[in-house]
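Chemist: Please find upload.csv (CSV, C-alpha atoms and all ligand atoms) on the next line:
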```
chain,number,residue,atom,x,y,z
A,1,MET,CA,-47.6,93.4,193.8
A,2,SER,CA,-45.4,91.1,195.9
A,3,ALA,CA,-44.1,92.2,199.3
A,4,LEU,CA,-40.6,93.5,199.7
A,5,LEU,CA,-40.4,92.1,203.2
A,6,GLU,CA,-42.3,89.3,204.8
A,7,VAL,CA,-41.9,88.4,208.4
A,8,LYS,CA,-43.4,85.1,209.5
A,9,HIS,CA,-43.8,83.9,213.1
A,10,LEU,CA,-40.6,85.8,214.1
A,11,LYS,CA,-39.4,85.2,217.6
A,12,LYS,CA,-36.4,86.8,219.4
A,13,TYR,CA,-35.8,85.5,223.0
A,14,PHE,CA,-33.0,86.6,225.3
A,15,SER,CA,-31.8,84.2,228.0
A,16,THR,CA,-31.1,86.1,231.2
A,17,HIS,CA,-30.4,85.1,234.8
A,18,LYS,CA,-34.0,85.9,235.6
A,19,GLY,CA,-35.4,83.7,232.8
A,20,VAL,CA,-36.1,83.9,229.1
A,21,VAL,CA,-37.2,87.3,227.8
A,22,HIS,CA,-39.8,86.9,225.1
A,23,ALA,CA,-38.9,90.3,223.5
A,24,VAL,CA,-40.5,89.4,220.1
A,25,ASP,CA,-42.9,86.5,220.2
A,26,ASP,CA,-44.5,85.2,217.0
A,27,VAL,CA,-44.8,88.4,214.9
A,28,THR,CA,-46.1,88.1,211.3
A,29,PHE,CA,-46.6,90.9,208.8
A,30,SER,CA,-45.7,91.9,205.2
A,31,LEU,CA,-44.6,95.2,203.8
A,32,ASP,CA,-44.8,96.4,200.2
A,33,GLU,CA,-42.0,98.2,198.4
A,34,GLY,CA,-42.0,102.0,198.8
A,35,LYS,CA,-44.4,101.9,201.8
A,36,THR,CA,-43.9,102.9,205.4
A,37,MET,CA,-45.1,100.6,208.2
A,38,GLY,CA,-45.3,102.2,211.6
A,39,VAL,CA,-44.7,100.1,214.7
A,40,VAL,CA,-46.2,101.4,217.9
A,41,GLY,CA,-46.5,100.3,221.5
A,42,GLU,CA,-45.2,101.1,225.0
A,43,SER,CA,-41.6,101.2,225.9
A,44,GLY,CA,-40.2,97.6,226.3
A,45,CYS,CA,-42.8,96.0,224.0
A,46,GLY,CA,-40.1,94.8,221.6
A,47,LYS,CA,-40.2,97.4,218.8
A,48,SER,CA,-36.4,97.9,218.6
A,49,THR,CA,-35.8,94.2,219.0
A,50,LEU,CA,-38.1,93.5,216.0
A,51,GLY,CA,-36.3,96.0,213.8
A,52,ARG,CA,-32.8,94.9,214.9
A,53,THR,CA,-33.7,91.2,214.3
A,54,ILE,CA,-35.1,91.9,210.9
A,55,ILE,CA,-32.0,93.6,209.7
A,56,HIS,CA,-29.8,90.9,211.3
A,57,LEU,CA,-28.1,92.9,214.0
A,58,GLN,CA,-29.4,90.0,216.1
A,59,GLU,CA,-29.9,86.4,215.2
A,60,PRO,CA,-33.6,85.4,215.2
A,61,THR,CA,-34.6,82.7,217.6
A,62,GLU,CA,-37.3,81.3,215.4
A,63,GLY,CA,-39.4,82.2,212.3
A,64,GLN,CA,-38.7,83.5,208.8
A,65,ILE,CA,-37.6,86.7,207.2
A,66,ILE,CA,-38.2,86.9,203.5
A,67,PHE,CA,-36.7,89.8,201.6
A,68,GLN,CA,-37.3,90.3,197.9
A,69,GLY,CA,-38.6,86.8,197.7
A,70,GLU,CA,-35.5,85.3,199.2
A,71,ASP,CA,-35.4,83.6,202.6
A,72,VAL,CA,-32.7,85.5,204.5
A,73,THR,CA,-33.4,84.2,208.0
A,74,HIS,CA,-30.1,82.4,208.4
A,75,LEU,CA,-27.3,83.8,206.2
A,76,LYS,CA,-23.6,83.1,205.8
A,77,ARG,CA,-21.2,86.0,206.3
A,78,LYS,CA,-20.8,86.8,202.6
A,79,ASP,CA,-24.5,86.9,202.0
A,80,LEU,CA,-25.0,88.9,205.1
A,81,ASP,CA,-22.7,91.6,203.8
A,82,ARG,CA,-24.8,91.7,200.6
A,83,LEU,CA,-28.0,92.0,202.6
A,84,ARG,CA,-26.6,94.8,204.8
A,85,GLU,CA,-26.3,96.9,201.7
A,86,ASN,CA,-30.0,96.6,201.2
A,87,MET,CA,-31.2,96.9,204.8
A,88,GLN,CA,-30.1,99.7,207.1
A,89,ILE,CA,-31.1,101.4,210.3
A,90,VAL,CA,-31.3,104.9,211.6
A,91,PHE,CA,-31.2,105.0,215.4
A,92,GLN,CA,-33.0,107.2,217.9
A,93,ASP,CA,-30.0,108.9,219.4
A,94,PRO,CA,-27.5,110.3,217.0
A,95,TYR,CA,-25.4,111.3,220.0
A,96,SER,CA,-24.6,107.7,220.8
A,97,SER,CA,-25.0,106.1,217.4
A,98,LEU,CA,-22.3,108.2,215.7
A,99,ASN,CA,-18.6,107.5,216.4
A,100,PRO,CA,-17.4,110.7,218.2
A,101,ARG,CA,-14.0,110.3,216.7
A,102,LEU,CA,-15.1,110.3,213.1
A,103,SER,CA,-15.8,113.6,211.1
A,104,VAL,CA,-18.8,113.9,208.9
A,105,ARG,CA,-16.7,113.0,205.9
A,106,ASP,CA,-15.3,109.9,207.6
A,107,THR,CA,-18.7,108.8,209.0
A,108,ILE,CA,-20.3,108.8,205.6
A,109,ALA,CA,-17.2,107.5,203.8
A,110,GLU,CA,-16.8,104.5,206.0
A,111,PRO,CA,-19.5,102.3,204.6
A,112,LEU,CA,-18.5,103.3,201.0
A,113,ILE,CA,-14.9,102.3,201.7
A,114,LEU,CA,-15.9,99.0,203.3
A,115,SER,CA,-18.0,98.1,200.3
A,116,HIS,CA,-15.0,98.4,198.1
A,117,LYS,CA,-17.1,100.2,195.6
A,118,PHE,CA,-15.6,103.7,195.9
A,119,LYS,CA,-12.1,105.1,196.2
A,120,GLY,CA,-10.1,108.2,195.4
A,121,ALA,CA,-11.9,111.1,193.7
A,122,ALA,CA,-15.1,109.0,193.2
A,123,LEU,CA,-15.3,108.4,196.9
A,124,GLU,CA,-15.0,112.1,197.8
A,125,LYS,CA,-17.6,112.9,195.1
A,126,GLU,CA,-20.0,110.4,196.5
A,127,VAL,CA,-19.5,111.7,200.1
A,128,ASN,CA,-20.3,115.2,198.9
A,129,ARG,CA,-23.4,114.0,197.0
A,130,LEU,CA,-24.7,112.2,200.1
A,131,MET,CA,-24.0,115.3,202.3
A,132,GLU,CA,-26.0,117.4,199.9
A,133,LEU,CA,-28.8,114.8,199.7
A,134,VAL,CA,-29.4,114.9,203.4
A,135,GLY,CA,-28.9,118.7,203.7
A,136,ILE,CA,-25.6,118.9,205.5
A,137,GLU,CA,-23.7,122.1,204.6
A,138,LYS,CA,-20.3,121.8,202.9
A,139,ARG,CA,-18.6,123.7,205.6
A,140,LEU,CA,-19.4,120.8,208.0
A,141,HIS,CA,-17.3,118.3,206.0
A,142,ASN,CA,-14.7,118.0,208.7
A,143,ALA,CA,-16.9,118.7,211.7
A,144,TYR,CA,-17.2,116.2,214.5
A,145,PRO,CA,-20.6,115.0,216.0
A,146,HIS,CA,-20.2,117.1,219.2
A,147,GLU,CA,-19.8,120.3,217.0
A,148,MET,CA,-23.3,119.9,215.5
A,149,ASP,CA,-26.8,120.1,216.8
A,150,GLY,CA,-29.1,117.1,217.1
A,151,GLY,CA,-30.9,117.6,213.8
A,152,ARG,CA,-27.6,117.8,211.8
A,153,ARG,CA,-26.2,114.8,213.6
A,154,GLN,CA,-29.3,112.8,212.7
A,155,ARG,CA,-28.9,114.0,209.1
A,156,VAL,CA,-25.4,112.5,209.1
A,157,GLY,CA,-26.8,109.2,210.5
A,158,ILE,CA,-29.3,109.2,207.6
A,159,GLY,CA,-26.6,110.0,205.1
A,160,ARG,CA,-24.5,107.1,206.4
A,161,ALA,CA,-27.5,104.7,206.3
A,162,LEU,CA,-28.2,105.8,202.7
A,163,ALA,CA,-24.6,105.4,201.5
A,164,LEU,CA,-25.0,102.0,199.9
A,165,ASN,CA,-28.4,102.7,198.4
A,166,PRO,CA,-30.5,100.4,200.5
A,167,LYS,CA,-34.0,99.4,199.7
A,168,PHE,CA,-35.3,99.0,203.3
A,169,ILE,CA,-34.6,101.2,206.4
A,170,VAL,CA,-35.6,100.6,210.0
A,171,CYS,CA,-36.1,104.1,211.5
A,172,ASP,CA,-36.0,103.4,215.2
A,173,GLU,CA,-37.5,106.5,216.9
A,174,PRO,CA,-35.4,108.7,214.6
A,175,VAL,CA,-36.9,112.0,215.8
A,176,SER,CA,-37.7,111.2,219.5
A,177,ALA,CA,-34.5,112.7,220.8
A,178,LEU,CA,-34.8,115.9,218.8
A,179,ASP,CA,-36.4,119.2,219.6
A,180,VAL,CA,-39.9,119.4,218.4
A,181,SER,CA,-39.0,122.2,216.0
A,182,ILE,CA,-36.4,120.0,214.3
A,183,GLN,CA,-38.5,116.9,214.3
A,184,ALA,CA,-40.6,118.0,211.3
A,185,GLN,CA,-37.6,118.9,209.2
A,186,VAL,CA,-36.1,115.4,209.7
A,187,LEU,CA,-39.4,113.7,209.1
A,188,ASN,CA,-39.8,115.7,205.9
A,189,LEU,CA,-36.3,114.7,204.8
A,190,LEU,CA,-37.1,111.0,205.4
A,191,MET,CA,-40.3,111.4,203.4
A,192,ASP,CA,-38.5,113.2,200.5
A,193,LEU,CA,-35.8,110.6,200.4
A,194,GLN,CA,-38.4,107.8,200.3
A,195,GLN,CA,-40.1,109.4,197.3
A,196,GLU,CA,-36.8,109.9,195.4
A,197,ASN,CA,-35.3,106.5,196.1
A,198,LYS,CA,-38.4,104.3,196.4
A,199,LEU,CA,-37.4,103.4,200.0
A,200,THR,CA,-39.4,101.2,202.2
A,201,TYR,CA,-39.5,102.1,205.9
A,202,MET,CA,-40.3,100.3,209.1
A,203,PHE,CA,-40.9,103.3,211.4
A,204,VAL,CA,-40.7,102.6,215.1
A,205,THR,CA,-42.1,105.2,217.4
A,206,HIS,CA,-44.2,105.8,220.5
A,207,ASP,CA,-45.5,109.0,219.1
A,208,LEU,CA,-48.9,108.4,217.5
A,209,SER,CA,-49.1,111.8,215.7
A,210,VAL,CA,-45.8,111.0,214.0
A,211,VAL,CA,-46.9,107.6,213.0
A,212,ARG,CA,-50.2,108.8,211.6
A,213,HIS,CA,-48.4,111.4,209.5
A,214,ILE,CA,-45.8,109.1,208.0
A,215,SER,CA,-47.1,105.6,207.8
A,216,ASP,CA,-49.2,103.7,205.3
A,217,SER,CA,-49.9,100.9,207.7
A,218,ILE,CA,-49.4,100.3,211.4
A,219,CYS,CA,-48.5,97.4,213.7
A,220,VAL,CA,-49.6,97.7,217.3
A,221,MET,CA,-47.4,95.7,219.6
A,222,TYR,CA,-48.0,94.7,223.2
A,223,LEU,CA,-45.3,92.8,225.2
A,224,GLY,CA,-43.6,91.2,222.2
A,225,GLN,CA,-46.8,90.4,220.3
A,226,LEU,CA,-48.6,91.9,217.4
A,227,VAL,CA,-52.1,92.7,218.6
A,228,GLU,CA,-53.4,94.6,215.6
A,229,THR,CA,-52.3,95.6,212.1
A,230,CYS,CA,-54.1,97.4,209.3
A,231,SER,CA,-53.8,100.6,207.2
A,232,THR,CA,-53.2,103.8,209.1
A,233,GLU,CA,-56.5,105.3,208.1
A,234,GLU,CA,-58.3,102.1,209.3
A,235,LEU,CA,-56.5,102.0,212.6
A,236,PHE,CA,-57.4,105.6,213.5
A,237,LYS,CA,-61.0,105.2,212.4
A,238,ASN,CA,-61.8,101.7,213.4
A,239,GLN,CA,-59.3,100.3,215.9
A,240,LEU,CA,-60.6,96.9,217.2
A,241,HIS,CA,-58.3,95.5,219.8
A,242,PRO,CA,-58.9,96.7,223.4
A,243,TYR,CA,-55.2,97.7,223.7
A,244,SER,CA,-55.3,99.8,220.5
A,245,LYS,CA,-58.4,101.5,221.7
A,246,ALA,CA,-56.7,102.5,225.0
A,247,LEU,CA,-53.6,103.6,223.2
A,248,LEU,CA,-55.4,105.8,220.7
A,249,SER,CA,-57.8,107.2,223.3
A,250,ALA,CA,-54.7,109.0,224.8
A,251,ILE,CA,-54.5,111.3,221.8
A,252,PRO,CA,-56.4,114.5,222.6
A,253,SER,CA,-59.3,115.2,220.3
A,254,VAL,CA,-59.2,118.5,218.2
A,255,ASP,CA,-63.0,118.5,218.2
A,256,ILE,CA,-64.3,120.3,221.4
A,257,HIS,CA,-67.8,119.1,220.8
A,258,ASN,CA,-66.7,115.5,220.6
A,259,PRO,CA,-63.8,115.0,223.0
A,260,THR,CA,-62.2,111.6,223.1
A,261,LYS,CA,-62.9,109.6,226.3
A,262,ARG,CA,-59.6,108.6,227.6
A,263,ILE,CA,-59.4,104.9,228.5
A,264,VAL,CA,-57.1,104.4,231.4
A,265,ILE,CA,-55.4,101.0,231.4
A,266,LYS,CA,-55.5,99.5,234.9
A,267,GLY,CA,-53.6,96.6,236.3
A,268,GLU,CA,-50.1,95.3,236.3
A,269,ILE,CA,-47.9,95.1,233.2
A,270,VAL,CA,-47.1,91.5,232.8
A,271,SER,CA,-43.4,90.6,232.5
A,272,PRO,CA,-41.9,89.5,229.2
A,273,ILE,CA,-39.9,87.0,231.1
A,274,ASP,CA,-41.3,83.4,230.8
A,275,PRO,CA,-44.9,84.7,230.0
A,276,LYS,CA,-47.9,82.4,230.4
A,277,PRO,CA,-49.6,81.3,227.2
A,278,GLY,CA,-52.7,83.4,226.4
A,279,CYS,CA,-53.3,87.1,225.8
A,280,ARG,CA,-50.7,89.2,227.5
A,281,PHE,CA,-53.0,92.2,227.7
A,282,ALA,CA,-55.6,90.2,229.6
A,283,ALA,CA,-54.4,91.2,233.0
A,284,ARG,CA,-55.3,94.8,232.2
A,285,CYS,CA,-58.1,94.3,229.7
A,286,PRO,CA,-61.7,95.3,230.7
A,287,TYR,CA,-63.1,92.5,228.5
A,288,ALA,CA,-60.8,89.7,229.7
A,289,CYS,CA,-62.5,86.3,230.2
A,290,GLU,CA,-61.6,82.6,230.6
A,291,ALA,CA,-60.9,82.2,226.8
A,292,CYS,CA,-58.2,84.8,227.0
A,293,LYS,CA,-56.0,82.4,228.9
A,294,GLU,CA,-55.7,80.3,225.7
A,295,PRO,CA,-53.1,81.4,223.1
A,296,GLN,CA,-54.5,84.0,220.8
A,297,LYS,CA,-54.4,83.9,217.0
A,298,LEU,CA,-54.0,86.9,214.6
A,299,GLU,CA,-57.3,86.8,212.7
A,300,MET,CA,-58.3,88.7,209.6
A,301,ILE,CA,-61.4,90.8,210.4
A,302,SER,CA,-61.6,92.5,207.0
A,303,THR,CA,-59.2,92.8,204.1
A,304,GLY,CA,-55.8,93.8,205.4
A,305,HIS,CA,-57.1,94.2,209.0
A,306,PHE,CA,-55.8,91.6,211.5
A,307,VAL,CA,-56.5,91.5,215.2
A,308,SER,CA,-55.3,89.1,217.9
A,309,CYS,CA,-58.2,88.9,220.3
A,310,CYS,CA,-60.7,86.1,220.8
A,311,ARG,CA,-63.5,88.6,221.8
A,312,VAL,CA,-62.9,91.1,219.0
A,313,LYS,CA,-66.2,90.5,217.3
A,314,GLU,CA,-68.3,90.6,220.5
A,315,ILE,CA,-66.6,93.8,221.8
A,316,ASN,CA,-67.0,95.6,218.5
A,317,GLN,CA,-70.4,94.1,217.7
A,318,LEU,CA,-69.2,92.7,214.4
A,319,SER,CA,-71.1,89.7,212.9
B,401,LIG,N1,-29.9,92.2,224.7
B,401,LIG,C1,-30.9,92.0,225.5
B,401,LIG,N2,-30.8,91.1,226.5
B,401,LIG,C2,-31.9,90.9,227.4
B,401,LIG,N3,-33.1,91.5,227.2
B,401,LIG,C3,-33.2,92.4,226.2
B,401,LIG,C4,-32.2,92.7,225.3
B,401,LIG,N4,-32.6,93.6,224.4
B,401,LIG,C5,-33.9,93.9,224.8
B,401,LIG,N5,-34.3,93.2,225.9
B,401,LIG,C6,-35.6,93.2,226.5
B,401,LIG,O1,-36.5,92.9,225.5
B,401,LIG,C7,-37.7,93.7,225.7
B,401,LIG,C8,-38.0,94.5,224.5
B,401,LIG,O2,-37.1,95.6,224.4
B,401,LIG,P1,-37.0,96.6,223.2
B,401,LIG,O3,-37.0,95.9,221.9
B,401,LIG,O4,-35.9,97.5,223.4
B,401,LIG,O5,-38.4,97.4,223.4
B,401,LIG,P2,-38.8,98.8,222.8
B,401,LIG,O6,-37.9,99.2,221.7
B,401,LIG,O7,-40.3,98.6,222.4
B,401,LIG,O8,-38.8,99.8,224.0
B,401,LIG,C9,-37.5,94.5,227.0
B,401,LIG,O9,-38.1,93.7,228.1
B,401,LIG,C10,-36.0,94.5,227.1
B,401,LIG,O10,-35.6,94.6,228.4
B,402,MG,MG,-36.8,100.9,221.4
```
Please render this file's structure as structure tokens.
Ligand SMILES: Nc1ncnc2c1ncn2[C@@H]1O[C@H](COP(=O)(O)OP(=O)(O)O)[C@@H](O)[C@H]1O
Ligand SMILES: [Mg+2]

Modeler:
Amino acid sequence: MSALLEVKHLKKYFSTHKGVVHAVDDVTFSLDEGKTMGVVGESGCGKSTLGRTIIHLQEPTEGQIIFQGEDVTHLKRKDLDRLRENMQIVFQDPYSSLNPRLSVRDTIAEPLILSHKFKGAALEKEVNRLMELVGIEKRLHNAYPHEMDGGRRQRVGIGRALALNPKFIVCDEPVSALDVSIQAQVLNLLMDLQQENKLTYMFVTHDLSVVRHISDSICVMYLGQLVETCSTEELFKNQLHPYSKALLSAIPSVDIHNPTKRIVIKGEIVSPIDPKPGCRFAARCPYACEACKEPQKLEMISTGHFVSCCRVKEINQLS
């Protein structure tokens, strides 16, 4: 099976008056069709920038994005429109991502009209089909975003993203702004839609219980870099990078006889502005040594399990 999406050495830098922000710095992964890849890490580590750059809301600084076997890193306008039909995004906050002046009908109809594929009765029929697909009641056809609760607003956002039948969707913290009681409903909707439409998701979240529930594989990011990636099962059972260990230790254990020992990360968060070469977690890592000042390479430890840490074998007593 070949990958739907391959990202190779992707970088996205922002020039600011304080210096160059290395928001995404040399990220490599691949994602198979129909699968969900979770992306986790603290706020500011580059999760949203990674998603936005992959779907071309922002121009990559360096690296390669290969989608369905085609290099789509630098596209011309016309080809970009074609790509947009296949790559969509669902944002965290449906309050700000939906246009407050557009009704449900207009929000969902807009991409259909812009694609020139639907008009007249066929357009209205398609809008109704999409509303039903994402579970929006018919009576809300002419409602505006402020007239609906957060869960329904997010359903409208999902309906709009699905309008042109995309293959790949970046879900950027799609349930983080919702009440806990509504989160499960929206997650279930996303999973049902994935099944029915063979969708491939990149699912960004800081919530590890959500990512465990929904993802086939996980990328752990720290300050713009990928520190570990493997299957979800493997990460929760056998996380190898010191940062992943600390991150996962924050999840309370359900087993009272075997409580998780929480690893508290000490030390300063390094700035993503003009960072020094070498491991960015080193300043906070209990295992840091001289060799960590050198640039780190993502290394395959076992099939499908990659870690970026020069001391990974020592720390985990692997041969
Ligand atoms: N347009 C921008 N201009 C300058 N810096 C940015 C811009 N967008 C994001 N950043 C910076 O890039 C880093 C990563 O941000 P982001 O991708 O939003 O992280 P996350 O989604 O993981 O919270 C942060 O330091 C953020 O301040
Ligand atoms: Mg974000």

Chemist: My list of candidates is A:His17, A:His56, A:His141, A:Arg311. Which is closest to A:Gln88 when distances are computed with only C-alpha atoms?

Modeler: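 Looking only at the distances to A:Gln88, the closest residue turns out to be A:His56.
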
Chemist: With all atoms listed in the file as the basis for distance, which of A:Gly159, A:Gly46, A:Gly278, A:Gly69 is at the shortest distance from ligand MG 402 (chain B)?

Modeler: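 Using all atoms listed in the file, ligand MG 402 (chain B) sits closest to A:Gly46.
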
Chemist: All residues within 8 Å of ligand MG 402 (chain B) are required, counting all atoms listed in the file; please report them as a PDB file with C-alpha atoms, in the coordinates of the input.

Modeler:
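Output saved as result-v5.pdb:
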```pdb
ATOM      1  CA  SER A  43     -41.600 101.200 225.900  1.00  0.00           C
ATOM      2  CA  GLY A  44     -40.200  97.600 226.300  1.00  0.00           C
ATOM      3  CA  GLY A  46     -40.100  94.800 221.600  1.00  0.00           C
ATOM      4  CA  LYS A  47     -40.200  97.400 218.800  1.00  0.00           C
ATOM      5  CA  SER A  48     -36.400  97.900 218.600  1.00  0.00           C
ATOM      6  CA  THR A  49     -35.800  94.200 219.000  1.00  0.00           C
ATOM      7  CA  ASP A 172     -36.000 103.400 215.200  1.00  0.00           C
ATOM      8  CA  GLU A 173     -37.500 106.500 216.900  1.00  0.00           C
ATOM      9  CA  VAL A 204     -40.700 102.600 215.100  1.00  0.00           C
ATOM     10  CA  THR A 205     -42.100 105.200 217.400  1.00  0.00           C
TER      11      THR A 205
END
```

Chemist: Taking all atoms listed in the file into account, which residues are within 10 Å of ligand LIG 401 (chain B), as a PyMOL selection string?

Modeler: chain A and resi 12-24+39-53+58+172-173+204-206+221-224+271-273

Chemist: So, counting all atoms listed in the file, which residue among A:Cys279, A:Ile169, A:Ile269, A:Leu235 is closest to A:Gln296?

Modeler: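 Smallest distance to A:Gln296 is found for A:Cys279.
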
Chemist: Record the distance separating atom CA of A:Val180 and atom CA of A:Gln154, expressed in Å with one decimal.

Modeler: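 Separating atom CA of A:Val180 from atom CA of A:Gln154 is a distance of 13.7 Å.
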
Chemist: Fewer than 2 positions away in the same chain doesn't count, so skip those; otherwise give me all residues within 7 Å of A:Leu4, counting all atoms listed in the file, as a list in words.

Modeler: Ser2, Glu6, Leu31, Asp32, Glu33, Phe67 and Gln68 of chain A

Chemist: Please indicate the distance in Å from atom CA of A:Ala163 to atom CA of A:Val210, rounded to one decimal place.

Modeler: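 Atom CA of A:Val210 lies 25.2 Å from atom CA of A:Ala163.
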
Chemist: Return the single residue from A:Gly267, A:Pro166, A:Pro100, A:Gly63 that is closest to A:Val27, with distances computed using all atoms listed in the file.

Modeler: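 Checking each of A:Gly267, A:Pro166, A:Pro100, A:Gly63 against A:Val27, counting all atoms listed in the file, the winner is A:Gly63.
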
Chemist: Have a look at A:Leu240, A:Leu123, A:Ala250, A:Ala143 and name the one nearest to A:Val264; count all atoms listed in the file.

Modeler: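 For A:Val264, the nearest of the candidates is A:Ala250.
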
Chemist: As a short mmCIF file (atom, residue, chain, number, x, y, z; two decimals) with C-alpha atoms, in the frame of the given file, please: the residues near stretch 288-295 of chain A (cut-off 10 Å, all atoms listed in the file, same-chain neighbours under 2 positions excluded).

Modeler:
```cif
data_model
loop_
_atom_site.label_atom_id
_atom_site.label_comp_id
_atom_site.auth_asym_id
_atom_site.auth_seq_id
_atom_site.Cartn_x
_atom_site.Cartn_y
_atom_site.Cartn_z
CA PRO A 242 -58.90 96.70 223.40
CA LYS A 276 -47.90 82.40 230.40
CA PRO A 277 -49.60 81.30 227.20
CA GLY A 278 -52.70 83.40 226.40
CA CYS A 279 -53.30 87.10 225.80
CA ARG A 280 -50.70 89.20 227.50
CA PHE A 281 -53.00 92.20 227.70
CA ALA A 282 -55.60 90.20 229.60
CA ALA A 283 -54.40 91.20 233.00
CA ARG A 284 -55.30 94.80 232.20
CA CYS A 285 -58.10 94.30 229.70
CA PRO A 286 -61.70 95.30 230.70
CA LYS A 297 -54.40 83.90 217.00
CA SER A 308 -55.30 89.10 217.90
CA CYS A 309 -58.20 88.90 220.30
CA CYS A 310 -60.70 86.10 220.80
CA ARG A 311 -63.50 88.60 221.80
#
```

Chemist: Please compute the atom CA of A:Pro174-atom CA of A:Leu80 distance, one decimal, in Å.

Modeler: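 Answer for the atom CA of A:Pro174 to atom CA of A:Leu80 separation: 24.3 Å.
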
Chemist: With distances taken over all atoms listed in the file, which of A:Glu196, A:Glu124, A:Glu110, A:Asp93 is nearest to A:Arg152?

Modeler: A:Asp93

Chemist: Name the residues, using the chain letters and numbers of the file, that sit within 10 Å of (-31.0, 101.6, 199.4) when counting only C-alpha atoms, and give them as a list in words.

Modeler: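 Within 10 Å of (-31.0, 101.6, 199.4), the protein and nucleic acid residues are Arg84, Glu85, Asn86, Met87, Gln88, Ala161, Leu162, Ala163, Leu164, Asn165, Pro166, Lys167, Phe168, Ile169, Gln194, Asn197, Lys198, Leu199 and Thr200 of chain A.
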